[in-house]
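Structure file start_13.txt; described as compact mmCIF, C-alpha atoms (C1' of nucleotides).
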# COMPACT_ATOMS: atom_id res chain seq x y z
CA MET D 29 22.31 99.97 62.45
CA ILE D 30 22.37 103.35 60.82
CA SER D 31 19.93 105.94 62.12
CA GLN D 32 16.67 106.94 60.49
CA LYS D 33 18.18 110.37 60.22
CA ALA D 34 21.04 109.19 58.05
CA LYS D 35 18.74 107.03 55.98
CA TYR D 36 16.43 109.98 55.38
CA ALA D 37 19.38 112.17 54.49
CA LEU D 38 20.70 109.73 51.94
CA ARG D 39 17.28 109.28 50.42
CA ALA D 40 16.78 113.03 50.23
CA LEU D 41 20.15 113.48 48.55
CA VAL D 42 19.36 110.76 46.07
CA ALA D 43 16.07 112.49 45.33
CA LEU D 44 17.80 115.83 44.83
CA ALA D 45 20.43 114.29 42.61
CA ARG D 46 17.78 112.52 40.53
CA GLU D 47 15.73 115.69 40.18
CA GLY D 48 18.80 117.65 39.13
CA GLU D 49 17.25 120.92 40.16
CA SER D 50 15.89 122.61 43.27
CA MET D 51 13.15 120.91 45.27
CA MET D 52 11.00 122.15 48.10
CA ILE D 53 11.19 120.33 51.43
CA GLY D 54 7.54 119.44 51.11
CA GLU D 55 8.13 117.77 47.77
CA ILE D 56 11.02 115.70 49.04
CA ALA D 57 9.19 114.77 52.21
CA ALA D 58 6.10 113.65 50.35
CA HIS D 59 7.99 111.79 47.69
CA GLU D 60 10.28 109.96 50.10
CA LYS D 61 7.77 109.59 52.92
CA ILE D 62 9.89 111.51 55.39
CA PRO D 63 8.34 113.53 58.26
CA ARG D 64 8.57 117.04 56.97
CA LYS D 65 9.78 118.89 60.04
CA PHE D 66 12.34 116.21 60.71
CA LEU D 67 13.63 116.55 57.19
CA GLU D 68 14.01 120.29 57.74
CA GLN D 69 16.50 119.65 60.52
CA ILE D 70 18.37 117.15 58.47
CA LEU D 71 18.70 119.33 55.42
CA LEU D 72 19.72 122.26 57.57
CA GLU D 73 22.54 120.17 58.96
CA MET D 74 23.58 119.14 55.48
CA LYS D 75 23.54 122.77 54.50
CA ARG D 76 25.82 123.72 57.37
CA HIS D 77 28.26 121.16 56.04
CA GLY D 78 28.17 122.58 52.53
CA ILE D 79 26.50 119.62 50.91
CA VAL D 80 23.30 121.33 49.89
CA MET D 81 22.21 124.91 49.44
CA SER D 82 18.85 126.51 49.99
CA ARG D 83 16.81 129.40 48.86
CA ARG D 84 14.05 130.96 50.89
CA GLY D 85 10.69 132.45 50.03
CA LYS D 86 8.50 131.63 47.14
CA LEU D 87 10.35 129.55 44.57
CA GLY D 88 12.55 128.48 47.42
CA GLY D 89 13.86 125.01 48.03
CA TYR D 90 16.95 122.89 48.34
CA ALA D 91 19.50 121.81 45.78
CA LEU D 92 22.80 119.97 45.85
CA LEU D 93 25.77 122.24 46.38
CA MET D 94 28.34 119.54 45.77
CA PRO D 95 28.16 117.41 42.65
CA ALA D 96 26.47 114.08 43.33
CA ASP D 97 29.61 112.17 42.41
CA GLN D 98 31.53 113.90 45.16
CA ILE D 99 29.14 113.28 48.02
CA THR D 100 30.11 110.03 49.66
CA PHE D 101 27.99 107.89 51.93
CA GLY D 102 30.75 108.06 54.51
CA GLN D 103 30.61 111.82 54.59
CA VAL D 104 26.87 111.87 55.18
CA LEU D 105 27.00 109.18 57.82
CA ARG D 106 29.77 110.93 59.73
CA ILE D 107 27.78 114.15 59.79
CA LEU D 108 24.59 112.58 61.06
CA ASP D 109 25.62 109.46 62.94
CA GLY D 110 29.14 110.34 64.01
CA PRO D 111 32.14 108.04 63.58
CA LEU D 112 31.92 105.00 61.33
CA ALA D 113 34.33 103.08 63.54
CA PRO D 114 32.87 100.32 65.70
CA LEU D 115 35.12 101.29 68.61
CA PRO D 116 36.03 104.79 69.81
CA CYS D 117 39.69 103.80 69.76
CA LEU D 118 39.43 103.16 66.03
CA SER D 119 37.78 106.39 65.00
CA ARG D 120 39.64 108.84 62.84
CA ILE D 121 37.34 111.74 63.45
CA ALA D 122 36.67 111.17 67.15
CA TYR D 123 39.42 109.05 68.60
CA ARG D 124 38.99 108.18 72.25
CA ARG D 125 41.00 105.70 74.19
CA CYS D 126 39.00 102.84 75.69
CA ALA D 127 38.88 103.61 79.40
CA ASP D 128 39.17 99.98 80.41
CA CYS D 129 41.63 98.79 77.80
CA ARG D 130 45.04 97.81 79.03
CA THR D 131 47.31 98.40 76.05
CA GLU D 132 45.88 99.41 72.75
CA GLU D 133 48.40 97.57 70.60
CA ASP D 134 47.78 94.27 72.31
CA CYS D 135 44.00 94.52 72.36
CA GLU D 136 42.68 91.45 70.57
CA ILE D 137 39.28 93.00 70.08
CA ARG D 138 40.67 96.13 68.53
CA HIS D 139 42.63 94.23 65.93
CA VAL D 140 39.59 92.42 64.67
CA PHE D 141 37.41 95.49 64.53
CA ALA D 142 40.11 97.44 62.76
CA ALA D 143 39.65 95.07 59.84
CA VAL D 144 35.90 95.55 59.94
CA ALA D 145 36.22 99.32 60.12
CA ASN D 146 38.61 99.41 57.20
CA SER D 147 36.44 97.38 54.94
CA ALA D 148 33.38 99.44 55.85
CA ARG D 149 35.25 102.66 55.16
CA ASP D 150 36.52 101.20 51.96
CA VAL D 151 32.97 100.94 50.67
CA LEU D 152 31.41 103.99 52.29
CA ASP D 153 34.14 106.47 51.44
CA ARG D 154 34.23 105.41 47.82
CA THR D 155 30.57 105.17 47.09
CA THR D 156 28.89 108.41 46.15
CA ILE D 157 25.28 109.44 45.72
CA ALA D 158 25.87 109.33 41.98
CA ASP D 159 27.19 105.76 42.22
CA ALA D 160 24.15 104.70 44.17
CA ILE D 161 21.87 106.06 41.49
CA ALA D 162 23.86 104.87 38.52
CA ARG D 163 24.76 101.30 39.36
CA ARG D 164 22.40 98.94 41.02
CA GLU D 165 24.81 96.07 41.17
CA ARG D 166 28.42 97.06 41.29
CA VAL D 167 28.92 99.37 44.20
CA ALA D 168 32.16 101.23 44.84
CA VAL D 169 34.34 100.20 41.93
CA GLY D 170 37.36 98.27 42.96
CA ALA D 171 36.01 97.74 46.42
CA VAL D 172 35.27 94.60 48.29
CA GLU D 173 33.13 92.10 46.47
CA PRO D 174 30.21 90.75 48.52
CA VAL D 175 30.87 87.22 49.58
CA SER D 176 28.03 85.01 50.55
CA MET K 18 29.69 101.37 67.50
CA ILE K 19 29.50 98.05 69.25
CA SER K 20 28.10 98.08 72.78
CA GLN K 21 30.09 97.91 75.97
CA LYS K 22 28.26 94.70 76.62
CA ALA K 23 29.63 93.02 73.52
CA LYS K 24 33.07 94.38 74.16
CA TYR K 25 33.01 93.03 77.71
CA ALA K 26 31.77 89.68 76.45
CA LEU K 27 34.54 89.36 73.92
CA ARG K 28 37.14 90.34 76.45
CA ALA K 29 35.77 87.86 78.95
CA LEU K 30 35.83 85.09 76.35
CA VAL K 31 39.38 85.93 75.42
CA ALA K 32 40.31 85.78 79.09
CA LEU K 33 38.63 82.40 79.50
CA ALA K 34 40.29 81.05 76.39
CA ARG K 35 43.68 82.30 77.54
CA GLU K 36 43.22 80.82 80.99
CA GLY K 37 42.20 77.50 79.52
CA GLU K 38 40.36 76.47 82.65
CA SER K 39 37.48 77.65 84.81
CA MET K 40 37.49 81.19 86.21
CA MET K 41 35.28 82.89 88.75
CA ILE K 42 33.30 85.94 87.68
CA GLY K 43 35.18 88.01 90.22
CA GLU K 44 38.51 87.03 88.69
CA ILE K 45 37.45 87.89 85.20
CA ALA K 46 35.86 91.14 86.29
CA ALA K 47 38.94 92.25 88.18
CA HIS K 48 41.36 91.21 85.50
CA GLU K 49 39.45 92.82 82.66
CA LYS K 50 38.11 95.78 84.64
CA ILE K 51 34.49 94.90 83.99
CA PRO K 52 31.70 95.82 86.46
CA ARG K 53 31.09 92.56 88.19
CA LYS K 54 27.32 92.47 88.28
CA PHE K 55 27.14 93.55 84.70
CA LEU K 56 29.46 90.76 83.71
CA GLU K 57 27.19 88.30 85.51
CA GLN K 58 24.35 89.17 83.17
CA ILE K 59 26.56 88.91 80.16
CA LEU K 60 27.99 85.53 81.03
CA LEU K 61 24.54 84.25 81.87
CA GLU K 62 23.39 85.21 78.42
CA MET K 63 26.40 83.52 76.88
CA LYS K 64 25.57 80.44 78.90
CA ARG K 65 21.99 80.39 77.63
CA HIS K 66 23.44 80.33 74.15
CA GLY K 67 25.72 77.43 74.90
CA ILE K 68 28.97 79.32 74.58
CA VAL K 69 30.12 78.98 78.17
CA MET K 70 29.19 76.70 81.04
CA SER K 71 29.15 77.40 84.72
CA ARG K 72 29.46 75.64 88.01
CA ARG K 73 27.99 76.95 91.24
CA GLY K 74 29.15 76.94 94.81
CA LYS K 75 32.67 76.79 96.10
CA LEU K 76 35.10 75.97 93.31
CA GLY K 77 32.49 77.39 90.97
CA GLY K 78 33.13 79.58 87.98
CA TYR K 79 32.79 79.84 84.25
CA ALA K 80 34.54 78.03 81.45
CA LEU K 81 34.22 77.87 77.69
CA LEU K 82 31.78 75.25 76.50
CA MET K 83 32.64 75.65 72.84
CA PRO K 84 36.25 75.45 71.71
CA ALA K 85 37.74 78.92 71.27
CA ASP K 86 38.30 78.33 67.59
CA GLN K 87 34.62 77.81 67.04
CA ILE K 88 33.32 80.91 68.76
CA THR K 89 33.09 83.68 66.19
CA PHE K 90 32.91 87.39 66.82
CA GLY K 91 29.76 87.49 64.71
CA GLN K 92 28.07 84.98 66.94
CA VAL K 93 28.81 86.93 70.10
CA LEU K 94 27.80 90.25 68.58
CA ARG K 95 24.51 88.87 67.34
CA ILE K 96 23.69 87.53 70.78
CA LEU K 97 24.41 90.76 72.60
CA ASP K 98 23.91 93.54 70.09
CA GLY K 99 21.43 91.96 67.71
CA PRO K 100 21.79 91.99 63.93
CA LEU K 101 25.08 92.94 62.33
CA ALA K 102 23.27 94.46 59.39
CA PRO K 103 23.19 98.25 59.18
CA LEU K 104 19.57 98.18 57.98
CA PRO K 105 16.72 96.01 59.22
CA CYS K 106 15.94 95.04 55.64
CA LEU K 107 19.42 93.52 55.33
CA SER K 108 19.39 91.42 58.46
CA ARG K 109 19.44 87.68 58.20
CA ILE K 110 18.46 87.02 61.78
CA ALA K 111 15.90 89.78 62.18
CA TYR K 112 14.68 90.85 58.78
CA ARG K 113 12.20 93.67 58.81
CA ARG K 114 10.97 95.59 55.83
CA CYS K 115 11.69 99.32 55.93
CA ALA K 116 8.32 100.91 56.59
CA ASP K 117 9.01 103.88 54.36
CA CYS K 118 10.86 102.15 51.57
CA ARG K 119 9.13 102.00 48.24
CA THR K 120 10.55 98.92 46.56
CA GLU K 121 13.32 97.00 48.19
CA GLU K 122 15.06 95.92 45.00
CA ASP K 123 15.34 99.47 43.73
CA CYS K 124 16.48 101.02 46.99
CA GLU K 125 19.77 102.74 46.28
CA ILE K 126 20.65 102.92 49.94
CA ARG K 127 20.06 99.25 50.49
CA HIS K 128 22.38 98.24 47.70
CA VAL K 129 25.26 100.17 49.15
CA PHE K 130 24.76 98.92 52.67
CA ALA K 131 24.43 95.38 51.47
CA ALA K 132 28.04 95.60 50.38
CA VAL K 133 29.06 96.99 53.76
CA ALA K 134 27.13 94.30 55.61
CA ASN K 135 28.67 91.55 53.54
CA SER K 136 32.20 92.67 54.10
CA ALA K 137 31.58 93.08 57.83
CA ARG K 138 30.07 89.62 58.04
CA ASP K 139 32.95 88.30 56.04
CA VAL K 140 35.35 89.31 58.78
CA LEU K 141 33.18 88.78 61.84
CA ASP K 142 31.85 85.36 60.93
CA ARG K 143 35.28 84.01 60.13
CA THR K 144 37.23 85.41 63.02
CA THR K 145 37.14 83.37 66.20
CA ILE K 146 38.27 84.04 69.75
CA ALA K 147 41.21 81.75 69.06
CA ASP K 148 42.15 83.78 66.00
CA ALA K 149 42.05 86.97 67.98
CA ILE K 150 44.43 85.55 70.53
CA ALA K 151 46.75 83.84 68.09
CA ARG K 152 47.35 86.38 65.39
CA ARG K 153 47.85 90.02 66.09
CA GLU K 154 48.22 90.99 62.50
CA ARG K 155 46.43 88.75 60.06
CA VAL K 156 42.81 88.61 61.01
CA ALA K 157 40.35 86.24 59.39
CA VAL K 158 42.44 84.35 56.87
CA GLY K 159 41.31 84.89 53.34
CA ALA K 160 39.14 87.80 54.31
CA VAL K 161 39.24 91.37 53.23
CA GLU K 162 42.59 93.04 53.44
CA PRO K 163 42.49 96.43 55.20
CA VAL K 164 42.96 99.19 52.70
CA SER K 165 44.08 102.58 53.84
C1' DG B 19 4.76 147.42 50.90
C1' DA B 20 1.43 143.80 52.12
C1' DG B 21 0.74 139.16 52.06
C1' DA B 22 1.87 134.57 51.29
C1' DA B 23 5.06 130.96 50.68
C1' DA B 24 9.08 128.58 52.17
C1' DC B 25 13.27 128.03 54.73
C1' DA B 26 15.69 128.93 59.73
C1' DC B 27 16.02 128.22 64.30
C1' DT B 28 15.12 126.72 69.03
C1' DA B 29 12.70 124.26 72.35
C1' DT B 30 10.35 120.45 73.95
C1' DA B 31 8.45 115.78 74.26
C1' DA B 32 7.81 110.84 74.03
C1' DA B 33 9.87 106.48 73.51
C1' DC B 34 13.56 103.77 73.67
C1' DT B 35 18.17 101.99 74.91
C1' DA B 36 22.56 101.39 77.22
C1' DG B 37 24.81 100.59 81.13
C1' DA B 38 24.68 99.59 85.23
C1' DT B 39 23.15 98.39 90.37
C1' DA B 40 20.53 95.79 93.96
C1' DG B 41 19.00 92.05 96.28
C1' DA B 42 16.79 87.81 97.16
C1' DG B 43 17.20 82.96 95.49
C1' DT B 44 19.58 78.43 94.56
C1' DA B 45 23.24 75.02 94.25
C1' DA B 46 27.56 72.92 95.71
C1' DA B 47 31.60 72.05 98.81
C1' DG B 48 33.33 70.75 102.92
C1' DC X 1 24.73 73.89 107.90
C1' DT X 2 27.62 77.61 106.66
C1' DT X 3 30.08 79.72 103.20
C1' DT X 4 30.83 80.71 98.55
C1' DA X 5 29.53 81.63 94.03
C1' DC X 6 26.39 81.50 90.35
C1' DT X 7 20.99 82.75 89.03
C1' DC X 8 17.38 85.50 88.24
C1' DT X 9 14.43 89.59 88.08
C1' DA X 10 13.62 94.19 88.94
C1' DT X 11 14.83 98.75 88.87
C1' DC X 12 17.26 103.09 87.85
C1' DT X 13 19.51 106.78 85.50
C1' DA X 14 21.21 109.29 81.77
C1' DG X 15 21.42 109.77 77.21
C1' DT X 16 19.87 109.25 72.48
C1' DT X 17 16.60 108.95 68.80
C1' DT X 18 12.80 110.48 66.46
C1' DA X 19 10.12 113.35 66.03
C1' DT X 20 6.61 117.82 66.76
C1' DA X 21 5.58 122.71 67.63
C1' DG X 22 6.00 127.31 67.13
C1' DT X 23 8.11 131.51 66.13
C1' DG X 24 11.29 134.07 63.18
C1' DT X 25 13.23 135.55 58.68
C1' DT X 26 13.76 135.85 53.74
C1' DT X 27 11.93 136.31 49.16
C1' DC X 28 8.54 136.52 45.55
C1' DT X 29 4.37 138.46 43.59
C1' DC X 30 1.07 141.79 43.08
Now, as a test, write the supplied structure out as structure tokens.
Amino acid sequence: MISQKAKYALRALVALAREGESMMIGEIAAHEKIPRKFLEQILLEMKRHGIVMSRRGKLGGYALLMPADQITFGQVLRILDGPLAPLPCLSRIAYRRCADCRTEEDCEIRHVFAAVANSARDVLDRTTIADAIARRERVAVGAVEPVS
Amino acid sequence: MISQKAKYALRALVALAREGESMMIGEIAAHEKIPRKFLEQILLEMKRHGIVMSRRGKLGGYALLMPADQITFGQVLRILDGPLAPLPCLSRIAYRRCADCRTEEDCEIRHVFAAVANSARDVLDRTTIADAIARRERVAVGAVEPVS
DNA sequence: GAGAAACACTATAAACTAGATAGAGTAAAG
DNA sequence: CTTTACTCTATCTAGTTTATAGTGTTTCTC
């Protein structure tokens, strides 16, 4: 399960991308039904990572700093929820050996989850905010086709 | 990230499948470096779900009740970690509408994560304990091929 | 430059969850 | 009838998630 935080962030980014111009936190919060003060923290974090920019004072607000077709879901999730990988020993951004794992290469569990992690990354690192807005059906061109 | 609990469960099942016959909790715990009392709870839960069986008293222990090639990773994860789906509104076993979501069909976030969920399920519901033991490389025949 | 509007920052809180640990209870073997 | 090993329930602790509160700082307008 992804966190509320990440979900809020993605929704806020979609809103900003849709709007095309600067929006005040209050506007976004109201429109997307996000607790306002919580959204402040989230947007601040996104700002620190160069995804959005802000302007203070009257006429202030937030706007995308990166173009919507360059902000991937993976990027946002990694910022707010940490590694995408289902096991620490499979994470690219925060690798940690499993304390109790004998040998990593022989770990049966690891091999299976590596496949899961790869296919998740395949979707999340290709799909951008712009994609999410533009296409309702086909997500992440060339990526895995949903099965059942 | 999957929970320790699920990881322990999968490792224990692999151990049982490898062994082929009944094993005592203490054996499994020692061999797989799993806290013994914690493993008790896990195996008990697996027993309630008909995956393993147990025998008490001297000569007691646990053994697989289902054949190893019929126990899927998805099944185990759902028992111990709950839904595989990254959003409640995408879960098959525990669907819940997102409280703050306007219309489900138009939710941009949902569409993206549906693709992720499907590809994860595609691997996890096809890969069995037997698969994990047998093949180190090719996981879940016919499933998604790892990309990068 | 005063005042108001809006973001910036830090601290705190409430609720929940993960990961274990403890201990009394029950069944089976010999 | 004692030992061994699983069964069950309760509890604990630390950490995380999801906020909320309040003060500070920037900028616009008049």
Give the superposed chain D as a short mmCIF file (atom, residue, chain, number, x, y, z; two decimals) with C-alpha atoms, in the frame of the given file, the fit being least squares on chain K over all ordered C-alpha pairs.
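Output below, filename out-v6.cif:
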data_model
loop_
_atom_site.label_atom_id
_atom_site.label_comp_id
_atom_site.auth_asym_id
_atom_site.auth_seq_id
_atom_site.Cartn_x
_atom_site.Cartn_y
_atom_site.Cartn_z
CA MET D 29 29.62 101.36 67.53
CA ILE D 30 29.44 98.06 69.31
CA SER D 31 28.03 98.07 72.83
CA GLN D 32 30.04 97.91 76.03
CA LYS D 33 28.21 94.69 76.69
CA ALA D 34 29.56 93.02 73.58
CA LYS D 35 33.02 94.39 74.20
CA TYR D 36 32.98 93.03 77.74
CA ALA D 37 31.74 89.68 76.48
CA LEU D 38 34.49 89.37 73.93
CA ARG D 39 37.11 90.35 76.45
CA ALA D 40 35.76 87.85 78.96
CA LEU D 41 35.80 85.09 76.35
CA VAL D 42 39.34 85.95 75.39
CA ALA D 43 40.29 85.80 79.06
CA LEU D 44 38.62 82.41 79.48
CA ALA D 45 40.26 81.07 76.35
CA ARG D 46 43.67 82.32 77.48
CA GLU D 47 43.24 80.83 80.94
CA GLY D 48 42.18 77.50 79.45
CA GLU D 49 40.39 76.49 82.60
CA SER D 50 37.53 77.66 84.79
CA MET D 51 37.57 81.19 86.18
CA MET D 52 35.40 82.87 88.76
CA ILE D 53 33.40 85.92 87.71
CA GLY D 54 35.30 87.99 90.23
CA GLU D 55 38.61 87.02 88.68
CA ILE D 56 37.51 87.89 85.18
CA ALA D 57 35.92 91.13 86.29
CA ALA D 58 39.01 92.25 88.15
CA HIS D 59 41.40 91.21 85.45
CA GLU D 60 39.45 92.82 82.62
CA LYS D 61 38.14 95.78 84.60
CA ILE D 62 34.51 94.88 84.01
CA PRO D 63 31.76 95.77 86.53
CA ARG D 64 31.18 92.49 88.25
CA LYS D 65 27.40 92.39 88.40
CA PHE D 66 27.18 93.49 84.81
CA LEU D 67 29.50 90.70 83.80
CA GLU D 68 27.24 88.23 85.59
CA GLN D 69 24.38 89.13 83.28
CA ILE D 70 26.56 88.89 80.25
CA LEU D 71 27.99 85.51 81.09
CA LEU D 72 24.56 84.22 81.96
CA GLU D 73 23.38 85.20 78.51
CA MET D 74 26.37 83.50 76.94
CA LYS D 75 25.57 80.44 78.97
CA ARG D 76 21.99 80.37 77.72
CA HIS D 77 23.41 80.32 74.22
CA GLY D 78 25.71 77.40 74.95
CA ILE D 79 28.94 79.30 74.62
CA VAL D 80 30.11 78.97 78.19
CA MET D 81 29.25 76.70 81.07
CA SER D 82 29.22 77.39 84.77
CA ARG D 83 29.55 75.65 88.04
CA ARG D 84 28.11 76.93 91.27
CA GLY D 85 29.30 76.90 94.85
CA LYS D 86 32.80 76.83 96.10
CA LEU D 87 35.23 76.02 93.31
CA GLY D 88 32.60 77.38 90.99
CA GLY D 89 33.21 79.56 87.99
CA TYR D 90 32.85 79.84 84.26
CA ALA D 91 34.58 78.02 81.45
CA LEU D 92 34.23 77.87 77.69
CA LEU D 93 31.76 75.26 76.52
CA MET D 94 32.60 75.66 72.86
CA PRO D 95 36.20 75.47 71.70
CA ALA D 96 37.70 78.93 71.26
CA ASP D 97 38.25 78.35 67.56
CA GLN D 98 34.55 77.83 67.04
CA ILE D 99 33.27 80.93 68.78
CA THR D 100 33.04 83.69 66.22
CA PHE D 101 32.84 87.40 66.86
CA GLY D 102 29.70 87.50 64.77
CA GLN D 103 27.99 84.98 66.99
CA VAL D 104 28.75 86.94 70.14
CA LEU D 105 27.73 90.24 68.63
CA ARG D 106 24.43 88.86 67.38
CA ILE D 107 23.61 87.53 70.83
CA LEU D 108 24.35 90.76 72.65
CA ASP D 109 23.84 93.53 70.12
CA GLY D 110 21.37 91.95 67.74
CA PRO D 111 21.73 91.98 63.95
CA LEU D 112 25.03 92.94 62.35
CA ALA D 113 23.24 94.44 59.36
CA PRO D 114 23.19 98.23 59.11
CA LEU D 115 19.58 98.18 57.90
CA PRO D 116 16.71 96.01 59.14
CA CYS D 117 15.95 95.04 55.56
CA LEU D 118 19.41 93.51 55.28
CA SER D 119 19.38 91.41 58.41
CA ARG D 120 19.44 87.66 58.16
CA ILE D 121 18.41 87.01 61.71
CA ALA D 122 15.84 89.78 62.08
CA TYR D 123 14.65 90.85 58.67
CA ARG D 124 12.17 93.69 58.68
CA ARG D 125 10.99 95.62 55.70
CA CYS D 126 11.71 99.34 55.82
CA ALA D 127 8.34 100.94 56.49
CA ASP D 128 9.03 103.91 54.25
CA CYS D 129 10.89 102.18 51.45
CA ARG D 130 9.15 102.04 48.13
CA THR D 131 10.58 98.94 46.46
CA GLU D 132 13.34 97.02 48.09
CA GLU D 133 15.09 95.98 44.89
CA ASP D 134 15.36 99.51 43.63
CA CYS D 135 16.49 101.05 46.90
CA GLU D 136 19.80 102.78 46.21
CA ILE D 137 20.66 102.94 49.87
CA ARG D 138 20.07 99.26 50.41
CA HIS D 139 22.41 98.26 47.63
CA VAL D 140 25.29 100.17 49.09
CA PHE D 141 24.77 98.92 52.60
CA ALA D 142 24.45 95.36 51.39
CA ALA D 143 28.08 95.58 50.34
CA VAL D 144 29.06 96.98 53.71
CA ALA D 145 27.11 94.30 55.56
CA ASN D 146 28.67 91.54 53.52
CA SER D 147 32.19 92.65 54.10
CA ALA D 148 31.55 93.09 57.82
CA ARG D 149 30.05 89.62 58.05
CA ASP D 150 32.92 88.28 56.06
CA VAL D 151 35.31 89.32 58.81
CA LEU D 152 33.13 88.80 61.86
CA ASP D 153 31.79 85.37 60.96
CA ARG D 154 35.23 84.04 60.15
CA THR D 155 37.19 85.43 63.02
CA THR D 156 37.09 83.39 66.19
CA ILE D 157 38.21 84.04 69.74
CA ALA D 158 41.15 81.76 69.05
CA ASP D 159 42.10 83.79 65.97
CA ALA D 160 42.00 86.98 67.97
CA ILE D 161 44.38 85.54 70.52
CA ALA D 162 46.69 83.82 68.09
CA ARG D 163 47.29 86.38 65.38
CA ARG D 164 47.77 90.01 66.08
CA GLU D 165 48.12 91.02 62.48
CA ARG D 166 46.35 88.79 60.05
CA VAL D 167 42.74 88.59 61.04
CA ALA D 168 40.27 86.21 59.42
CA VAL D 169 42.40 84.32 56.93
CA GLY D 170 41.38 84.90 53.39
CA ALA D 171 39.22 87.81 54.34
CA VAL D 172 39.33 91.38 53.27
CA GLU D 173 42.68 93.06 53.57
CA PRO D 174 42.58 96.45 55.31
CA VAL D 175 43.06 99.22 52.83
CA SER D 176 44.22 102.57 53.98
#
Practice prompt. Hey, list the chain D side of the contact with chain K: 7 Å cut-off, only C-alpha atoms, answer as a list in words.
Written response: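 Putting it all together, I get Met29, Ile30, Lys61, Ala113, Pro114, Leu115, Asp128, Glu136, Ile137, His139, Val140, Ala143, Val144, Asn146, Ser147, Ala148, Asp150, Val151, Ala160, Ile161, Arg164, Val167, Val172, Pro174 and Val175 of chain D.
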Worksheet entry | Atom-to-atom span, CA of Ala34 in chain K and CA of Lys64 in chain K, Å |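 These two atoms are separated by 14.9 Å.
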Worksheet item: Taking all atoms listed in the file into account, which residues of chain D are within 7 Å of chain X, as a PyMOL selection string?
Response: chain D and resi 66+84-86
Worksheet item: Quick one: which residues from chain B are at most 7 Å off chain K, using all atoms listed in the file, as a PyMOL selection string?
Response: chain B and resi 38+45-47
Worksheet entry | Best match for closeness to Gly78 in chain K among K:Asp142, K:Glu44, K:Glu121, K:Asp98, counting all atoms listed in the file |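 Answer, going by the shortest atom-to-atom distance: K:Glu44.
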Item to complete: Measure the distance from CA of Leu97 in chain K to CA of Met63 in chain K in Å and round it to one decimal.
Response: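 About the pair CA of Leu97 in chain K and CA of Met63 in chain K: they are 8.6 Å apart.
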Worksheet item: What is the CA of Gly78 in chain D to CA of Leu41 in chain D distance in Å?
Response: 12.8 Å
Output, as JSON, the centre and edge lengths in Å (one decimal) of the axis-aligned box that contains all listed atoms of range 27-41 of chain B with 8 Å of margin on each side.
{"center_x": 16.3, "center_y": 110.1, "center_z": 80.3, "size_x": 33.0, "size_y": 52.2, "size_z": 48.0}
Item to complete: With a distance cut-off of 9 Å and all atoms listed in the file, select the neighbouring residues of Ala91 in chain D, excluding the residue or stretch itself and same-chain residues fewer than 2 positions from it, and output the selection as JSON, numbers by chain.
Response: {"D": [41, 44, 45, 48, 49, 50, 51, 52, 79, 80, 81, 82, 83, 89, 93]}
N, CA and C atoms modelled onto range 42-53 of chain D, as a PDB file, in the coordinates of the input:
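Everything below was put into result_20.pdb:
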ATOM      1  N   VAL D  42      19.613 111.505  47.294  1.00  0.00           N
ATOM      2  CA  VAL D  42      19.360 110.760  46.070  1.00  0.00           C
ATOM      3  C   VAL D  42      18.231 111.429  45.274  1.00  0.00           C
ATOM      4  N   ALA D  43      17.200 111.827  45.992  1.00  0.00           N
ATOM      5  CA  ALA D  43      16.070 112.490  45.330  1.00  0.00           C
ATOM      6  C   ALA D  43      16.518 113.792  44.660  1.00  0.00           C
ATOM      7  N   LEU D  44      17.311 114.557  45.387  1.00  0.00           N
ATOM      8  CA  LEU D  44      17.800 115.830  44.830  1.00  0.00           C
ATOM      9  C   LEU D  44      18.687 115.600  43.615  1.00  0.00           C
ATOM     10  N   ALA D  45      19.521 114.580  43.719  1.00  0.00           N
ATOM     11  CA  ALA D  45      20.430 114.290  42.610  1.00  0.00           C
ATOM     12  C   ALA D  45      19.635 113.832  41.386  1.00  0.00           C
ATOM     13  N   ARG D  46      18.642 113.001  41.611  1.00  0.00           N
ATOM     14  CA  ARG D  46      17.780 112.520  40.530  1.00  0.00           C
ATOM     15  C   ARG D  46      17.076 113.692  39.852  1.00  0.00           C
ATOM     16  N   GLU D  47      16.501 114.549  40.677  1.00  0.00           N
ATOM     17  CA  GLU D  47      15.730 115.690  40.180  1.00  0.00           C
ATOM     18  C   GLU D  47      16.632 116.633  39.381  1.00  0.00           C
ATOM     19  N   GLY D  48      17.853 116.802  39.846  1.00  0.00           N
ATOM     20  CA  GLY D  48      18.800 117.650  39.130  1.00  0.00           C
ATOM     21  C   GLY D  48      18.643 119.121  39.433  1.00  0.00           C
ATOM     22  N   GLU D  49      17.446 119.514  39.836  1.00  0.00           N
ATOM     23  CA  GLU D  49      17.250 120.920  40.160  1.00  0.00           C
ATOM     24  C   GLU D  49      16.680 121.076  41.564  1.00  0.00           C
ATOM     25  N   SER D  50      16.381 122.300  41.921  1.00  0.00           N
ATOM     26  CA  SER D  50      15.890 122.610  43.270  1.00  0.00           C
ATOM     27  C   SER D  50      14.556 121.942  43.574  1.00  0.00           C
ATOM     28  N   MET D  51      14.420 121.491  44.814  1.00  0.00           N
ATOM     29  CA  MET D  51      13.150 120.910  45.270  1.00  0.00           C
ATOM     30  C   MET D  51      12.753 121.524  46.596  1.00  0.00           C
ATOM     31  N   MET D  52      11.466 121.656  46.817  1.00  0.00           N
ATOM     32  CA  MET D  52      11.000 122.150  48.100  1.00  0.00           C
ATOM     33  C   MET D  52      11.000 121.000  49.109  1.00  0.00           C
ATOM     34  N   ILE D  53      11.184 121.353  50.383  1.00  0.00           N
ATOM     35  CA  ILE D  53      11.190 120.330  51.430  1.00  0.00           C
ATOM     36  C   ILE D  53       9.930 119.468  51.346  1.00  0.00           C
TER      37      ILE D  53
END
